[in-house]
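Here's target07.cif, which has mmCIF, N, CA and C atoms:
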```
data_run
#
loop_
_atom_site.group_PDB
_atom_site.id
_atom_site.type_symbol
_atom_site.label_atom_id
_atom_site.label_comp_id
_atom_site.auth_asym_id
_atom_site.auth_seq_id
_atom_site.Cartn_x
_atom_site.Cartn_y
_atom_site.Cartn_z
ATOM 1 N N MET W 242 14.451 12.764 -13.559
ATOM 2 C CA MET W 242 15.662 12.442 -12.838
ATOM 3 C C MET W 242 15.441 12.685 -11.347
ATOM 4 N N SER W 243 15.174 11.628 -10.670
ATOM 5 C CA SER W 243 14.946 11.724 -9.242
ATOM 6 C C SER W 243 16.220 11.359 -8.494
ATOM 7 N N LEU W 244 16.505 12.076 -7.447
ATOM 8 C CA LEU W 244 17.712 11.822 -6.678
ATOM 9 C C LEU W 244 17.435 11.137 -5.359
ATOM 10 N N LYS W 245 16.166 10.996 -4.989
ATOM 11 C CA LYS W 245 15.856 10.357 -3.721
ATOM 12 C C LYS W 245 14.567 9.569 -3.800
ATOM 13 N N ILE W 246 14.475 8.578 -2.920
ATOM 14 C CA ILE W 246 13.271 7.769 -2.805
ATOM 15 C C ILE W 246 12.896 7.715 -1.331
ATOM 16 N N THR W 247 11.615 7.529 -1.074
ATOM 17 C CA THR W 247 11.161 7.364 0.302
ATOM 18 C C THR W 247 10.418 6.051 0.412
ATOM 19 N N HIS W 248 10.747 5.316 1.463
ATOM 20 C CA HIS W 248 10.082 4.043 1.736
ATOM 21 C C HIS W 248 9.776 4.005 3.225
ATOM 22 N N LYS W 249 8.496 3.990 3.560
ATOM 23 C CA LYS W 249 8.035 3.994 4.949
ATOM 24 C C LYS W 249 8.665 5.149 5.738
ATOM 25 N N ASP W 250 8.546 6.343 5.196
ATOM 26 C CA ASP W 250 9.000 7.591 5.813
ATOM 27 C C ASP W 250 10.509 7.665 6.025
ATOM 28 N N THR W 251 11.287 6.852 5.327
ATOM 29 C CA THR W 251 12.743 6.947 5.365
ATOM 30 C C THR W 251 13.220 7.351 3.985
ATOM 31 N N GLU W 252 14.128 8.308 3.932
ATOM 32 C CA GLU W 252 14.596 8.855 2.671
ATOM 33 C C GLU W 252 15.952 8.256 2.307
ATOM 34 N N PHE W 253 16.090 7.846 1.044
ATOM 35 C CA PHE W 253 17.326 7.280 0.536
ATOM 36 C C PHE W 253 17.767 8.088 -0.671
ATOM 37 N N LEU W 254 19.073 8.311 -0.780
ATOM 38 C CA LEU W 254 19.638 9.109 -1.860
ATOM 39 C C LEU W 254 20.535 8.248 -2.735
ATOM 40 N N ILE W 255 20.894 8.787 -3.883
ATOM 41 C CA ILE W 255 21.858 8.137 -4.765
ATOM 42 C C ILE W 255 23.195 8.035 -4.019
ATOM 43 N N GLY W 256 23.835 6.886 -4.090
ATOM 44 C CA GLY W 256 25.123 6.682 -3.449
ATOM 45 C C GLY W 256 25.048 6.081 -2.061
ATOM 46 N N ASP W 257 23.849 5.957 -1.507
ATOM 47 C CA ASP W 257 23.708 5.340 -0.186
ATOM 48 C C ASP W 257 23.919 3.834 -0.292
ATOM 49 N N THR W 258 24.533 3.278 0.725
ATOM 50 C CA THR W 258 24.646 1.829 0.824
ATOM 51 C C THR W 258 23.462 1.337 1.635
ATOM 52 N N VAL W 259 22.670 0.448 1.062
ATOM 53 C CA VAL W 259 21.430 0.005 1.685
ATOM 54 C C VAL W 259 21.390 -1.520 1.776
ATOM 55 N N LYS W 260 20.550 -1.990 2.679
ATOM 56 C CA LYS W 260 20.273 -3.418 2.812
ATOM 57 C C LYS W 260 18.778 -3.605 2.611
ATOM 58 N N ILE W 261 18.411 -4.387 1.593
ATOM 59 C CA ILE W 261 17.015 -4.587 1.235
ATOM 60 C C ILE W 261 16.634 -6.019 1.586
ATOM 61 N N ASN W 262 15.636 -6.177 2.425
ATOM 62 C CA ASN W 262 15.089 -7.492 2.745
ATOM 63 C C ASN W 262 13.830 -7.687 1.920
ATOM 64 N N TYR W 263 13.832 -8.702 1.066
ATOM 65 C CA TYR W 263 12.671 -8.947 0.227
ATOM 66 C C TYR W 263 12.276 -10.412 0.302
ATOM 67 N N LYS W 264 10.996 -10.633 0.069
ATOM 68 C CA LYS W 264 10.430 -11.973 0.168
ATOM 69 C C LYS W 264 10.585 -12.707 -1.154
ATOM 70 N N ILE W 265 10.921 -13.989 -1.050
ATOM 71 C CA ILE W 265 11.023 -14.853 -2.211
ATOM 72 C C ILE W 265 10.068 -16.015 -1.996
ATOM 73 N N LYS W 266 9.254 -16.282 -3.004
ATOM 74 C CA LYS W 266 8.296 -17.369 -2.904
ATOM 75 C C LYS W 266 8.822 -18.556 -3.699
ATOM 76 N N GLU W 267 8.987 -19.682 -3.027
ATOM 77 C CA GLU W 267 9.438 -20.914 -3.660
ATOM 78 C C GLU W 267 8.383 -21.982 -3.419
ATOM 79 N N LYS W 268 7.676 -22.325 -4.456
ATOM 80 C CA LYS W 268 6.552 -23.264 -4.392
ATOM 81 C C LYS W 268 5.542 -22.808 -3.343
ATOM 82 N N ASP W 269 5.458 -23.477 -2.208
ATOM 83 C CA ASP W 269 4.470 -23.088 -1.198
ATOM 84 C C ASP W 269 5.094 -22.395 0.004
ATOM 85 N N LYS W 270 6.398 -22.142 -0.027
ATOM 86 C CA LYS W 270 7.078 -21.494 1.097
ATOM 87 C C LYS W 270 7.544 -20.098 0.713
ATOM 88 N N GLU W 271 7.635 -19.245 1.708
ATOM 89 C CA GLU W 271 8.203 -17.909 1.529
ATOM 90 C C GLU W 271 9.385 -17.754 2.467
ATOM 91 N N ARG W 272 10.406 -17.061 1.966
ATOM 92 C CA ARG W 272 11.558 -16.770 2.809
ATOM 93 C C ARG W 272 12.028 -15.353 2.516
ATOM 94 N N THR W 273 12.824 -14.826 3.422
ATOM 95 C CA THR W 273 13.350 -13.472 3.280
ATOM 96 C C THR W 273 14.822 -13.550 2.905
ATOM 97 N N GLN W 274 15.204 -12.765 1.899
ATOM 98 C CA GLN W 274 16.593 -12.724 1.463
ATOM 99 C C GLN W 274 17.070 -11.279 1.476
ATOM 100 N N ALA W 275 18.296 -11.081 1.906
ATOM 101 C CA ALA W 275 18.866 -9.736 1.972
ATOM 102 C C ALA W 275 19.720 -9.463 0.736
ATOM 103 N N PHE W 276 19.676 -8.227 0.270
ATOM 104 C CA PHE W 276 20.495 -7.772 -0.853
ATOM 105 C C PHE W 276 21.052 -6.418 -0.436
ATOM 106 N N ASP W 277 22.358 -6.323 -0.265
ATOM 107 C CA ASP W 277 22.935 -5.051 0.160
ATOM 108 C C ASP W 277 23.930 -4.557 -0.884
ATOM 109 N N GLY W 278 23.850 -3.257 -1.144
ATOM 110 C CA GLY W 278 24.710 -2.656 -2.145
ATOM 111 C C GLY W 278 24.483 -1.156 -2.217
ATOM 112 N N ILE W 279 25.019 -0.542 -3.260
ATOM 113 C CA ILE W 279 24.958 0.908 -3.455
ATOM 114 C C ILE W 279 23.839 1.238 -4.436
ATOM 115 N N ILE W 280 23.044 2.236 -4.112
ATOM 116 C CA ILE W 280 22.019 2.721 -5.047
ATOM 117 C C ILE W 280 22.739 3.528 -6.123
ATOM 118 N N ILE W 281 22.673 3.054 -7.380
ATOM 119 C CA ILE W 281 23.382 3.773 -8.440
ATOM 120 C C ILE W 281 22.438 4.491 -9.396
ATOM 121 N N ALA W 282 21.146 4.209 -9.335
ATOM 122 C CA ALA W 282 20.209 4.903 -10.224
ATOM 123 C C ALA W 282 18.811 4.846 -9.642
ATOM 124 N N ILE W 283 18.058 5.921 -9.855
ATOM 125 C CA ILE W 283 16.639 5.979 -9.509
ATOM 126 C C ILE W 283 15.914 6.496 -10.747
ATOM 127 N N LYS W 284 14.900 5.751 -11.182
ATOM 128 C CA LYS W 284 14.159 6.127 -12.385
ATOM 129 C C LYS W 284 12.675 6.101 -12.100
ATOM 130 N N GLY W 285 11.924 6.852 -12.855
ATOM 131 C CA GLY W 285 10.473 6.827 -12.775
ATOM 132 C C GLY W 285 9.922 7.891 -11.841
ATOM 133 N N THR W 286 8.589 7.964 -11.824
ATOM 134 C CA THR W 286 7.899 8.918 -10.965
ATOM 135 C C THR W 286 6.733 8.227 -10.283
ATOM 136 N N GLY W 287 6.383 8.709 -9.121
ATOM 137 C CA GLY W 287 5.211 8.210 -8.409
ATOM 138 C C GLY W 287 5.325 6.742 -8.042
ATOM 139 N N ASP W 288 4.270 5.983 -8.372
ATOM 140 C CA ASP W 288 4.254 4.562 -8.055
ATOM 141 C C ASP W 288 5.143 3.743 -8.990
ATOM 142 N N ASN W 289 5.539 4.303 -10.106
ATOM 143 C CA ASN W 289 6.383 3.592 -11.062
ATOM 144 C C ASN W 289 7.870 3.798 -10.811
ATOM 145 N N LYS W 290 8.236 4.273 -9.647
ATOM 146 C CA LYS W 290 9.628 4.568 -9.352
ATOM 147 C C LYS W 290 10.391 3.275 -9.078
ATOM 148 N N ASN W 291 11.558 3.130 -9.719
ATOM 149 C CA ASN W 291 12.444 1.984 -9.555
ATOM 150 C C ASN W 291 13.813 2.476 -9.127
ATOM 151 N N PHE W 292 14.553 1.625 -8.417
ATOM 152 C CA PHE W 292 15.928 1.976 -8.092
ATOM 153 C C PHE W 292 16.823 0.779 -8.350
ATOM 154 N N LEU W 293 18.036 1.062 -8.800
ATOM 155 C CA LEU W 293 19.003 0.059 -9.196
ATOM 156 C C LEU W 293 20.080 -0.032 -8.125
ATOM 157 N N VAL W 294 20.295 -1.247 -7.611
ATOM 158 C CA VAL W 294 21.274 -1.471 -6.549
ATOM 159 C C VAL W 294 22.351 -2.397 -7.086
ATOM 160 N N ARG W 295 23.598 -2.056 -6.818
ATOM 161 C CA ARG W 295 24.743 -2.844 -7.280
ATOM 162 C C ARG W 295 25.505 -3.358 -6.080
ATOM 163 N N LYS W 296 25.737 -4.686 -6.036
ATOM 164 C CA LYS W 296 26.505 -5.258 -4.935
ATOM 165 C C LYS W 296 27.675 -6.045 -5.479
ATOM 166 N N SER W 297 28.674 -6.186 -4.650
ATOM 167 C CA SER W 297 29.866 -6.923 -5.020
ATOM 168 C C SER W 297 29.709 -8.372 -4.589
ATOM 169 N N ALA W 298 29.874 -9.296 -5.536
ATOM 170 C CA ALA W 298 29.839 -10.719 -5.226
ATOM 171 C C ALA W 298 31.284 -11.220 -5.170
ATOM 172 N N ALA W 299 31.493 -12.490 -5.251
ATOM 173 C CA ALA W 299 32.830 -13.067 -5.120
ATOM 174 C C ALA W 299 33.688 -12.818 -6.357
ATOM 175 N N ASP W 300 34.984 -12.712 -6.161
ATOM 176 C CA ASP W 300 35.989 -12.634 -7.226
ATOM 177 C C ASP W 300 35.778 -11.484 -8.202
ATOM 178 N N GLY W 301 35.402 -10.329 -7.714
ATOM 179 C CA GLY W 301 35.271 -9.160 -8.568
ATOM 180 C C GLY W 301 34.063 -9.160 -9.468
ATOM 181 N N ILE W 302 33.106 -10.006 -9.215
ATOM 182 C CA ILE W 302 31.872 -10.037 -9.995
ATOM 183 C C ILE W 302 30.839 -9.190 -9.276
ATOM 184 N N TYR W 303 30.132 -8.357 -10.027
ATOM 185 C CA TYR W 303 29.123 -7.480 -9.455
ATOM 186 C C TYR W 303 27.742 -7.902 -9.933
ATOM 187 N N VAL W 304 26.761 -7.719 -9.070
ATOM 188 C CA VAL W 304 25.386 -8.067 -9.386
ATOM 189 C C VAL W 304 24.545 -6.813 -9.255
ATOM 190 N N GLU W 305 23.727 -6.533 -10.257
ATOM 191 C CA GLU W 305 22.822 -5.386 -10.217
ATOM 192 C C GLU W 305 21.391 -5.897 -10.219
ATOM 193 N N ARG W 306 20.559 -5.236 -9.444
ATOM 194 C CA ARG W 306 19.158 -5.645 -9.376
ATOM 195 C C ARG W 306 18.283 -4.410 -9.319
ATOM 196 N N ILE W 307 17.166 -4.450 -10.025
ATOM 197 C CA ILE W 307 16.213 -3.342 -10.053
ATOM 198 C C ILE W 307 15.064 -3.691 -9.118
ATOM 199 N N PHE W 308 14.736 -2.756 -8.222
ATOM 200 C CA PHE W 308 13.637 -2.933 -7.285
ATOM 201 C C PHE W 308 12.583 -1.864 -7.528
ATOM 202 N N PRO W 309 11.317 -2.232 -7.706
ATOM 203 C CA PRO W 309 10.247 -1.235 -7.717
ATOM 204 C C PRO W 309 9.979 -0.779 -6.282
ATOM 205 N N ILE W 310 9.880 0.509 -6.049
ATOM 206 C CA ILE W 310 9.737 1.035 -4.692
ATOM 207 C C ILE W 310 8.396 0.654 -4.083
ATOM 208 N N SER W 311 7.375 0.458 -4.893
ATOM 209 C CA SER W 311 6.051 0.141 -4.370
ATOM 210 C C SER W 311 5.765 -1.361 -4.367
ATOM 211 N N SER W 312 6.795 -2.187 -4.451
ATOM 212 C CA SER W 312 6.612 -3.632 -4.496
ATOM 213 C C SER W 312 6.163 -4.174 -3.139
ATOM 214 N N PRO W 313 5.159 -5.054 -3.122
ATOM 215 C CA PRO W 313 4.745 -5.661 -1.851
ATOM 216 C C PRO W 313 5.741 -6.702 -1.352
ATOM 217 N N TRP W 314 6.696 -7.105 -2.183
ATOM 218 C CA TRP W 314 7.682 -8.114 -1.795
ATOM 219 C C TRP W 314 8.817 -7.525 -0.975
ATOM 220 N N ILE W 315 8.981 -6.218 -0.968
ATOM 221 C CA ILE W 315 10.033 -5.589 -0.156
ATOM 222 C C ILE W 315 9.537 -5.470 1.274
ATOM 223 N N GLU W 316 10.247 -6.121 2.193
ATOM 224 C CA GLU W 316 9.883 -6.042 3.605
ATOM 225 C C GLU W 316 10.441 -4.776 4.248
ATOM 226 N N SER W 317 11.736 -4.525 4.026
ATOM 227 C CA SER W 317 12.340 -3.353 4.645
ATOM 228 C C SER W 317 13.555 -2.914 3.845
ATOM 229 N N ILE W 318 13.867 -1.637 3.980
ATOM 230 C CA ILE W 318 15.081 -1.069 3.406
ATOM 231 C C ILE W 318 15.785 -0.328 4.537
ATOM 232 N N LYS W 319 17.038 -0.660 4.753
ATOM 233 C CA LYS W 319 17.797 -0.042 5.842
ATOM 234 C C LYS W 319 19.040 0.624 5.271
ATOM 235 N N LYS W 320 19.276 1.866 5.659
ATOM 236 C CA LYS W 320 20.460 2.583 5.205
ATOM 237 C C LYS W 320 21.645 2.173 6.072
ATOM 238 N N LEU W 321 22.675 1.619 5.427
ATOM 239 C CA LEU W 321 23.866 1.200 6.157
ATOM 240 C C LEU W 321 24.858 2.345 6.314
ATOM 241 N N ARG W 322 25.058 3.100 5.229
ATOM 242 C CA ARG W 322 25.932 4.273 5.319
ATOM 243 C C ARG W 322 25.643 5.222 4.171
ATOM 244 N N ALA W 323 26.007 6.458 4.383
ATOM 245 C CA ALA W 323 25.868 7.495 3.367
ATOM 246 C C ALA W 323 27.228 7.686 2.698
ATOM 247 N N PRO W 324 27.266 8.282 1.510
ATOM 248 C CA PRO W 324 28.561 8.514 0.860
ATOM 249 C C PRO W 324 29.405 9.527 1.618
ATOM 250 N N LYS W 325 30.722 9.415 1.451
ATOM 251 C CA LYS W 325 31.639 10.309 2.150
ATOM 252 C C LYS W 325 31.570 11.733 1.611
ATOM 253 N N THR W 326 31.342 11.844 0.309
ATOM 254 C CA THR W 326 31.276 13.156 -0.326
ATOM 255 C C THR W 326 29.882 13.370 -0.898
ATOM 256 N N THR W 327 29.596 14.605 -1.251
ATOM 257 C CA THR W 327 28.317 14.934 -1.866
ATOM 258 C C THR W 327 28.283 14.396 -3.291
ATOM 259 N N ILE W 328 27.222 13.696 -3.626
ATOM 260 C CA ILE W 328 27.058 13.134 -4.968
ATOM 261 C C ILE W 328 26.425 14.197 -5.852
ATOM 262 N N ARG W 329 27.062 14.465 -6.984
ATOM 263 C CA ARG W 329 26.568 15.500 -7.882
ATOM 264 C C ARG W 329 26.102 14.926 -9.215
ATOM 265 N N ARG W 330 25.814 13.649 -9.237
ATOM 266 C CA ARG W 330 25.320 12.981 -10.443
ATOM 267 C C ARG W 330 23.988 12.318 -10.120
ATOM 268 N N SER W 331 23.139 12.188 -11.129
ATOM 269 C CA SER W 331 21.865 11.514 -10.903
ATOM 270 C C SER W 331 21.975 10.016 -11.141
ATOM 271 N N LYS W 332 22.927 9.580 -11.924
ATOM 272 C CA LYS W 332 23.174 8.161 -12.181
ATOM 273 C C LYS W 332 24.666 7.896 -11.961
ATOM 274 N N LEU W 333 24.977 6.861 -11.210
ATOM 275 C CA LEU W 333 26.373 6.548 -10.894
ATOM 276 C C LEU W 333 26.869 5.379 -11.739
ATOM 277 N N TYR W 334 26.634 5.452 -13.042
ATOM 278 C CA TYR W 334 27.040 4.374 -13.923
ATOM 279 C C TYR W 334 28.559 4.280 -14.036
ATOM 280 N N TYR W 335 29.289 5.290 -13.637
ATOM 281 C CA TYR W 335 30.742 5.231 -13.700
ATOM 282 C C TYR W 335 31.297 4.224 -12.702
ATOM 283 N N LEU W 336 30.503 3.752 -11.765
ATOM 284 C CA LEU W 336 30.960 2.720 -10.841
ATOM 285 C C LEU W 336 31.068 1.361 -11.525
ATOM 286 N N ARG W 337 30.497 1.235 -12.709
ATOM 287 C CA ARG W 337 30.578 -0.024 -13.449
ATOM 288 C C ARG W 337 31.949 -0.248 -14.070
ATOM 289 N N SER W 338 32.668 0.809 -14.354
ATOM 290 C CA SER W 338 33.955 0.660 -15.030
ATOM 291 C C SER W 338 34.992 0.109 -14.053
ATOM 292 N N PRO W 339 35.981 -0.632 -14.570
ATOM 293 C CA PRO W 339 36.970 -1.234 -13.676
ATOM 294 C C PRO W 339 37.854 -0.237 -12.951
ATOM 295 N N LYS W 340 38.000 0.960 -13.495
ATOM 296 C CA LYS W 340 38.840 1.972 -12.870
ATOM 297 C C LYS W 340 38.010 2.970 -12.059
ATOM 298 N N ALA W 341 36.834 2.558 -11.640
ATOM 299 C CA ALA W 341 35.925 3.465 -10.931
ATOM 300 C C ALA W 341 36.497 3.849 -9.584
ATOM 301 N N ARG W 342 36.289 5.067 -9.228
ATOM 302 C CA ARG W 342 36.761 5.510 -7.921
ATOM 303 C C ARG W 342 35.756 5.110 -6.866
ATOM 304 N N LYS W 343 36.192 5.054 -5.636
ATOM 305 C CA LYS W 343 35.341 4.623 -4.538
ATOM 306 C C LYS W 343 34.514 5.789 -4.038
ATOM 307 N N ILE W 344 33.348 5.456 -3.502
ATOM 308 C CA ILE W 344 32.495 6.490 -2.915
ATOM 309 C C ILE W 344 32.638 6.430 -1.423
#
```

Spell out the structure here as structure tokens.
Amino acid sequence: MSLKITHKDTEFLIGDTVKINYKIKEKDKERTQAFDGIIIAIKGTGDNKNFLVRKSAADGIYVERIFPISSPWIESIKKLRAPKTTIRRSKLYYLRSPKARKI
């Protein structure tokens, strides 16, 4: 149960709102796409560490995506904001429920 990840000497914790720029390859072209959301889970150890980010899409639909921390496709991770209160859970799966409280 890891509570933090480091990417290029920047530390990210559970509950942080982050913006991840990652490369997408389409046929012979590459482009960069941003995915911003809340880190709700970090799993694994060492090079096998993954983190789960949840973002809000249109009309109350949420999208979750798993990113490997050592992926060469991740260009950058930027912390947009930290949670207002101290997070005392290792997984924030309670944010999935419709009556979830805000962080």

Requested in this report: Enumerate as a PyMOL selection string all residues of region 270-326 of chain W assigned to strand (DSSP E) by DSSP on the backbone, naming them with the chain letters and numbers the document uses.
Outcome: chain W and resi 270-284+291-297+303-309+315-322

Mind dumping the selected residues with N, CA and C atoms as an mmCIF file, keeping the file's coordinate frame?
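File result04.cif, as written:
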```cif
data_model
loop_
_atom_site.group_PDB
_atom_site.id
_atom_site.type_symbol
_atom_site.label_atom_id
_atom_site.label_comp_id
_atom_site.auth_asym_id
_atom_site.auth_seq_id
_atom_site.Cartn_x
_atom_site.Cartn_y
_atom_site.Cartn_z
ATOM 1 N N LYS W 270 6.398 -22.142 -0.027
ATOM 2 C CA LYS W 270 7.078 -21.494 1.097
ATOM 3 C C LYS W 270 7.544 -20.098 0.713
ATOM 4 N N GLU W 271 7.635 -19.245 1.708
ATOM 5 C CA GLU W 271 8.203 -17.909 1.529
ATOM 6 C C GLU W 271 9.385 -17.754 2.467
ATOM 7 N N ARG W 272 10.406 -17.061 1.966
ATOM 8 C CA ARG W 272 11.558 -16.770 2.809
ATOM 9 C C ARG W 272 12.028 -15.353 2.516
ATOM 10 N N THR W 273 12.824 -14.826 3.422
ATOM 11 C CA THR W 273 13.350 -13.472 3.280
ATOM 12 C C THR W 273 14.822 -13.550 2.905
ATOM 13 N N GLN W 274 15.204 -12.765 1.899
ATOM 14 C CA GLN W 274 16.593 -12.724 1.463
ATOM 15 C C GLN W 274 17.070 -11.279 1.476
ATOM 16 N N ALA W 275 18.296 -11.081 1.906
ATOM 17 C CA ALA W 275 18.866 -9.736 1.972
ATOM 18 C C ALA W 275 19.720 -9.463 0.736
ATOM 19 N N PHE W 276 19.676 -8.227 0.270
ATOM 20 C CA PHE W 276 20.495 -7.772 -0.853
ATOM 21 C C PHE W 276 21.052 -6.418 -0.436
ATOM 22 N N ASP W 277 22.358 -6.323 -0.265
ATOM 23 C CA ASP W 277 22.935 -5.051 0.160
ATOM 24 C C ASP W 277 23.930 -4.557 -0.884
ATOM 25 N N GLY W 278 23.850 -3.257 -1.144
ATOM 26 C CA GLY W 278 24.710 -2.656 -2.145
ATOM 27 C C GLY W 278 24.483 -1.156 -2.217
ATOM 28 N N ILE W 279 25.019 -0.542 -3.260
ATOM 29 C CA ILE W 279 24.958 0.908 -3.455
ATOM 30 C C ILE W 279 23.839 1.238 -4.436
ATOM 31 N N ILE W 280 23.044 2.236 -4.112
ATOM 32 C CA ILE W 280 22.019 2.721 -5.047
ATOM 33 C C ILE W 280 22.739 3.528 -6.123
ATOM 34 N N ILE W 281 22.673 3.054 -7.380
ATOM 35 C CA ILE W 281 23.382 3.773 -8.440
ATOM 36 C C ILE W 281 22.438 4.491 -9.396
ATOM 37 N N ALA W 282 21.146 4.209 -9.335
ATOM 38 C CA ALA W 282 20.209 4.903 -10.224
ATOM 39 C C ALA W 282 18.811 4.846 -9.642
ATOM 40 N N ILE W 283 18.058 5.921 -9.855
ATOM 41 C CA ILE W 283 16.639 5.979 -9.509
ATOM 42 C C ILE W 283 15.914 6.496 -10.747
ATOM 43 N N LYS W 284 14.900 5.751 -11.182
ATOM 44 C CA LYS W 284 14.159 6.127 -12.385
ATOM 45 C C LYS W 284 12.675 6.101 -12.100
ATOM 46 N N ASN W 291 11.558 3.130 -9.719
ATOM 47 C CA ASN W 291 12.444 1.984 -9.555
ATOM 48 C C ASN W 291 13.813 2.476 -9.127
ATOM 49 N N PHE W 292 14.553 1.625 -8.417
ATOM 50 C CA PHE W 292 15.928 1.976 -8.092
ATOM 51 C C PHE W 292 16.823 0.779 -8.350
ATOM 52 N N LEU W 293 18.036 1.062 -8.800
ATOM 53 C CA LEU W 293 19.003 0.059 -9.196
ATOM 54 C C LEU W 293 20.080 -0.032 -8.125
ATOM 55 N N VAL W 294 20.295 -1.247 -7.611
ATOM 56 C CA VAL W 294 21.274 -1.471 -6.549
ATOM 57 C C VAL W 294 22.351 -2.397 -7.086
ATOM 58 N N ARG W 295 23.598 -2.056 -6.818
ATOM 59 C CA ARG W 295 24.743 -2.844 -7.280
ATOM 60 C C ARG W 295 25.505 -3.358 -6.080
ATOM 61 N N LYS W 296 25.737 -4.686 -6.036
ATOM 62 C CA LYS W 296 26.505 -5.258 -4.935
ATOM 63 C C LYS W 296 27.675 -6.045 -5.479
ATOM 64 N N SER W 297 28.674 -6.186 -4.650
ATOM 65 C CA SER W 297 29.866 -6.923 -5.020
ATOM 66 C C SER W 297 29.709 -8.372 -4.589
ATOM 67 N N TYR W 303 30.132 -8.357 -10.027
ATOM 68 C CA TYR W 303 29.123 -7.480 -9.455
ATOM 69 C C TYR W 303 27.742 -7.902 -9.933
ATOM 70 N N VAL W 304 26.761 -7.719 -9.070
ATOM 71 C CA VAL W 304 25.386 -8.067 -9.386
ATOM 72 C C VAL W 304 24.545 -6.813 -9.255
ATOM 73 N N GLU W 305 23.727 -6.533 -10.257
ATOM 74 C CA GLU W 305 22.822 -5.386 -10.217
ATOM 75 C C GLU W 305 21.391 -5.897 -10.219
ATOM 76 N N ARG W 306 20.559 -5.236 -9.444
ATOM 77 C CA ARG W 306 19.158 -5.645 -9.376
ATOM 78 C C ARG W 306 18.283 -4.410 -9.319
ATOM 79 N N ILE W 307 17.166 -4.450 -10.025
ATOM 80 C CA ILE W 307 16.213 -3.342 -10.053
ATOM 81 C C ILE W 307 15.064 -3.691 -9.118
ATOM 82 N N PHE W 308 14.736 -2.756 -8.222
ATOM 83 C CA PHE W 308 13.637 -2.933 -7.285
ATOM 84 C C PHE W 308 12.583 -1.864 -7.528
ATOM 85 N N PRO W 309 11.317 -2.232 -7.706
ATOM 86 C CA PRO W 309 10.247 -1.235 -7.717
ATOM 87 C C PRO W 309 9.979 -0.779 -6.282
ATOM 88 N N ILE W 315 8.981 -6.218 -0.968
ATOM 89 C CA ILE W 315 10.033 -5.589 -0.156
ATOM 90 C C ILE W 315 9.537 -5.470 1.274
ATOM 91 N N GLU W 316 10.247 -6.121 2.193
ATOM 92 C CA GLU W 316 9.883 -6.042 3.605
ATOM 93 C C GLU W 316 10.441 -4.776 4.248
ATOM 94 N N SER W 317 11.736 -4.525 4.026
ATOM 95 C CA SER W 317 12.340 -3.353 4.645
ATOM 96 C C SER W 317 13.555 -2.914 3.845
ATOM 97 N N ILE W 318 13.867 -1.637 3.980
ATOM 98 C CA ILE W 318 15.081 -1.069 3.406
ATOM 99 C C ILE W 318 15.785 -0.328 4.537
ATOM 100 N N LYS W 319 17.038 -0.660 4.753
ATOM 101 C CA LYS W 319 17.797 -0.042 5.842
ATOM 102 C C LYS W 319 19.040 0.624 5.271
ATOM 103 N N LYS W 320 19.276 1.866 5.659
ATOM 104 C CA LYS W 320 20.460 2.583 5.205
ATOM 105 C C LYS W 320 21.645 2.173 6.072
ATOM 106 N N LEU W 321 22.675 1.619 5.427
ATOM 107 C CA LEU W 321 23.866 1.200 6.157
ATOM 108 C C LEU W 321 24.858 2.345 6.314
ATOM 109 N N ARG W 322 25.058 3.100 5.229
ATOM 110 C CA ARG W 322 25.932 4.273 5.319
ATOM 111 C C ARG W 322 25.643 5.222 4.171
#
```

Requested in this report: Identify all residues satisfying the PyMOL selection byres (((chain W and resi 273-278 and name CA) around 9) and name CA) in the given file; provide them as an MDAnalysis selection string.
Outcome: chainID W and resid 257:266 271:272 279:280 294:297 305:306 316 321

Report task. Can you work out the spacing between atom C of Arg337 (chain W) and atom N of Ser311 (chain W) in Å, to one decimal? Result ->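 According to the coordinates, atom C of Arg337 (chain W) and atom N of Ser311 (chain W) are separated by 26.2 Å.
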
For a quick check of your reading of the model, name the residues lying within 8 Å of the coordinate (16.8, 2.8, 7.1), counting all atoms listed in the file, and write them as a CSV table (one decimal) with N, CA and C atoms, in the frame of the given file.
```
chain,number,residue,atom,x,y,z
W,251,THR,N,11.3,6.9,5.3
W,251,THR,CA,12.7,6.9,5.4
W,251,THR,C,13.2,7.4,4.0
W,252,GLU,N,14.1,8.3,3.9
W,252,GLU,CA,14.6,8.9,2.7
W,252,GLU,C,16.0,8.3,2.3
W,253,PHE,N,16.1,7.8,1.0
W,253,PHE,CA,17.3,7.3,0.5
W,253,PHE,C,17.8,8.1,-0.7
W,259,VAL,N,22.7,0.4,1.1
W,259,VAL,CA,21.4,0.0,1.7
W,259,VAL,C,21.4,-1.5,1.8
W,260,LYS,N,20.6,-2.0,2.7
W,260,LYS,CA,20.3,-3.4,2.8
W,260,LYS,C,18.8,-3.6,2.6
W,317,SER,N,11.7,-4.5,4.0
W,317,SER,CA,12.3,-3.4,4.6
W,317,SER,C,13.6,-2.9,3.8
W,318,ILE,N,13.9,-1.6,4.0
W,318,ILE,CA,15.1,-1.1,3.4
W,318,ILE,C,15.8,-0.3,4.5
W,319,LYS,N,17.0,-0.7,4.8
W,319,LYS,CA,17.8,0.0,5.8
W,319,LYS,C,19.0,0.6,5.3
W,320,LYS,N,19.3,1.9,5.7
W,320,LYS,CA,20.5,2.6,5.2
W,320,LYS,C,21.6,2.2,6.1
W,321,LEU,N,22.7,1.6,5.4
W,321,LEU,CA,23.9,1.2,6.2
W,321,LEU,C,24.9,2.3,6.3
```

Report task. One decimal, Å: what's the distance from CA of Phe292 (chain W) over to CA of Glu267 (chain W), could you say? Result -> 24.2 Å

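In this model, the gap between atom C of Lys290 (chain W) and atom N of Ile307 (chain W) comes to 10.3 Å.
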
Requested in this report: Using DSSP on the backbone, list every residue of chain W that comes out as helix (DSSP H, G or I), and give them as a PyMOL selection string.
Outcome: chain W and resi 287-289+299-301+334-337

What are the centre and the three edge lengths of an axis-aligned box that wraps all atoms of region 270-288 of chain W in the file, given that 8 Å is added to every side, written as JSON and rounded to one decimal in Å?
```
{"center_x": 14.6, "center_y": -6.6, "center_z": -4.7, "size_x": 36.8, "size_y": 47.1, "size_z": 32.3}
```
